[in-house]
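First comes the structure, then the notes that go with it.
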Amino acid sequence: MENSSEQSDQTGNTKKKIEPMRSMPIFLVILVLATMFVIKVPFHIIFIIISQAIHDNPPIATPFLGGWLRINDILLFTHIAAAVPCIIFGPLLFYRDLLKANPTLHRKIGTYYVYGVLYSAVTVIPLSMSKVHILPQTGFTVMAIVWFCVTWFGFMAARNKNFVTHRRWMMRSYAMSFAFIHVNLTYHWIGVYQFMNDAVAIKVMQSMVSWQFNLFVIEFYLAATTFKGKFVGWKKWGKNIFSWSPEDKFFFKPPPKALEAA
């Protein structure tokens, strides 16, 4: 009886046994540490934005809205403020023990993550238009649209109680959220782009590679594993890479209220 996932109370009703939380998987710890490692970059930018506004100095964001230059700083400020908590706490959403032990906390973190990402994705578009070349403008704009869409599909899948599909879309969503960490690790810390002397070329690489590489890794992982993260086997893995998974369903809206309450 102690090993059972369910237990009965005195009235005979069956209750779900609360699962204890075990240690967090090492890859989630690495993700959290990686975000904390580079998190001083956005906070430094936020500090400069506030300082420039207080001292009535020119905005730091590249102009996009013409005479409304301070709006560019506000967009950058709110974009960072909404995205950073999503990046830090996002790994917790894939911590199964947290979901089992405290599903309410999982939903609260997930809800903030979704709304934070949706807002951040929308603000990427005007910020990307401030770039001086059409290629980084295109790269960041496409990123914003894809980031918004995969997050929305994952959110709606959860609302429709399809949690297999929900997990797959949200893994793609966090892969795109991790683009900021990717840029800072490869550019500011590792120096991958040091051989490139053209600032436009660097921006093009950042606007494309930072999220496409992450999605590439996640797609390989999803093709290689089951819902519970077990390896599917080399033969099925190879097949999954080149075929569309039936688990990747598109949910555009929540279910009717009667079905959602059921």
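Residues in the structure tokens are named by chain (A, B, ... in the order shown) and by number from 1 within that chain; ligands are numbered from 1 in the order shown.
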Item to check | Who sits within 9 Å of Val142 in chain A, only C-alpha atoms, same chain under 4 positions skipped, as a VMD selection string | outcome: chain A and resid 125 137 to 138 146 to 147 207 to 208
Export, as an mmCIF file, in the first residue's frame, the selected residues with C-alpha atoms.
data_model
loop_
_atom_site.group_PDB
_atom_site.id
_atom_site.type_symbol
_atom_site.label_atom_id
_atom_site.label_comp_id
_atom_site.auth_asym_id
_atom_site.auth_seq_id
_atom_site.Cartn_x
_atom_site.Cartn_y
_atom_site.Cartn_z
ATOM 1 C CA ILE A 125 9.361 43.115 -33.862
ATOM 2 C CA GLN A 137 15.515 42.742 -39.255
ATOM 3 C CA THR A 138 14.148 39.679 -41.033
ATOM 4 C CA VAL A 146 7.848 31.611 -34.502
ATOM 5 C CA TRP A 147 8.467 32.219 -30.780
ATOM 6 C CA SER A 207 19.361 36.842 -35.482
ATOM 7 C CA MET A 208 19.403 33.412 -37.150
#
Item to check | For Arg107 in chain A, the nearest of the candidates A:Lys236, A:Arg159, A:His79, A:His182, counting only C-alpha atoms | outcome: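 Using only C-alpha atoms, Arg107 in chain A sits closest to A:Arg159.
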Next on the checklist: Can you measure CA of Lys203 in chain A to CA of Phe77 in chain A for me? One decimal in Å is fine.
Outcome noted: 20.0 Å
Checklist entry - To one decimal place, how far is CA of Leu222 in chain A from CA of Trp234 in chain A in Å? => result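 Here the two named atoms are 13.0 Å from each other.
Nearest residue to Phe153 in chain A among A:Ser177, A:Thr141, A:Thr165, A:Asn102 is A:Thr165, counting only C-alpha atoms.
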Next on the checklist: With only C-alpha atoms as the counted atoms, please give the residues lying no more than 12 Å from Ala224 in chain A, apart from itself and same-chain residues fewer than 2 positions off, as a list of chain:residue names.
Outcome noted: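 Near neighbours after the sequence-gap exclusion: A:Val217, A:Ile218, A:Glu219, A:Phe220, A:Tyr221, A:Leu222, A:Thr226, A:Phe227, A:Lys228, A:Gly229, A:Lys230, A:Phe231, A:Val232, A:Gly233, A:Trp234, A:Lys235, A:Lys236, A:Trp237, A:Gly238, A:Lys239, A:Asn240, A:Ile241, A:Phe242, A:Ser245.
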Checklist entry - When you draw a straight line from CA of Phe252 in chain A to CA of Trp152 in chain A, how long is it in Å? => result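 Here the two named atoms are 7.5 Å from each other.
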Next on the checklist: Applying 9 Å and only C-alpha atoms, which residues near Asn160 in chain A remain after dropping the ones on its own chain fewer than 2 positions away? List them as a PyMOL selection string.
Outcome noted: chain A and resi 155-158+162-163+251+253-255+259-260
Item to check | Selected residue of minimal separation from Tyr95 in chain A among A:Leu118, A:Ile50, A:Ile74, A:Ile109, counting only C-alpha atoms | outcome: A:Ile109
Checklist entry - Taking only C-alpha atoms into account, which of A:Leu75, A:Val117, A:Ala101, A:Ile87 comes nearest Phe178 in chain A? => result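 Ranked by minimum distance to Phe178 in chain A, first place goes to A:Ile87.
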Find the residues near Met205 in chain A: any atom within 10 Å, counting only C-alpha atoms, skip ones fewer than 2 places away on the same chain, and give them as a CSV table (one decimal) with N, CA and C atoms, in the first residue's frame.
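The resulting file, around_27.csv, is reproduced below:
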chain,number,residue,atom,x,y,z
A,135,LEU,N,18.6,42.1,-43.3
A,135,LEU,CA,18.8,40.7,-42.9
A,135,LEU,C,18.6,40.4,-41.4
A,136,PRO,N,19.2,41.2,-40.5
A,136,PRO,CA,18.9,41.0,-39.1
A,136,PRO,C,17.5,41.4,-38.7
A,139,GLY,N,15.6,38.3,-39.7
A,139,GLY,CA,15.9,37.2,-38.8
A,139,GLY,C,15.2,37.3,-37.4
A,183,VAL,N,23.1,33.8,-27.4
A,183,VAL,CA,23.8,35.0,-28.0
A,183,VAL,C,24.9,35.4,-27.0
A,193,TYR,N,32.1,34.8,-32.5
A,193,TYR,CA,32.1,35.6,-33.7
A,193,TYR,C,33.3,36.6,-33.8
A,199,ALA,N,30.0,44.2,-38.4
A,199,ALA,CA,29.0,44.2,-37.3
A,199,ALA,C,27.6,43.7,-37.9
A,200,VAL,N,27.3,44.0,-39.1
A,200,VAL,CA,26.1,43.6,-39.7
A,200,VAL,C,26.1,42.1,-39.8
A,201,ALA,N,27.2,41.5,-40.2
A,201,ALA,CA,27.3,40.0,-40.4
A,201,ALA,C,27.1,39.4,-39.0
A,202,ILE,N,27.6,40.0,-37.9
A,202,ILE,CA,27.4,39.4,-36.6
A,202,ILE,C,26.0,39.4,-36.2
A,203,LYS,N,25.3,40.6,-36.5
A,203,LYS,CA,23.9,40.7,-36.2
A,203,LYS,C,23.0,39.7,-37.0
A,207,SER,N,20.8,36.8,-35.2
A,207,SER,CA,19.4,36.8,-35.5
A,207,SER,C,18.9,35.5,-36.0
A,208,MET,N,19.8,34.7,-36.6
A,208,MET,CA,19.4,33.4,-37.1
A,208,MET,C,19.8,32.2,-36.3
A,209,VAL,N,21.1,32.2,-36.0
A,209,VAL,CA,21.7,31.0,-35.3
A,209,VAL,C,21.2,30.9,-33.9
A,210,SER,N,21.0,32.0,-33.2
A,210,SER,CA,20.7,32.0,-31.8
A,210,SER,C,19.4,31.1,-31.5
Checklist entry - Out of A:Lys249, A:Lys161, A:Lys100, A:Arg172, which residue has the shortest atom-to-atom distance to Trp211 in chain A when counting only C-alpha atoms? => result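 Ranked by minimum distance to Trp211 in chain A, first place goes to A:Arg172.
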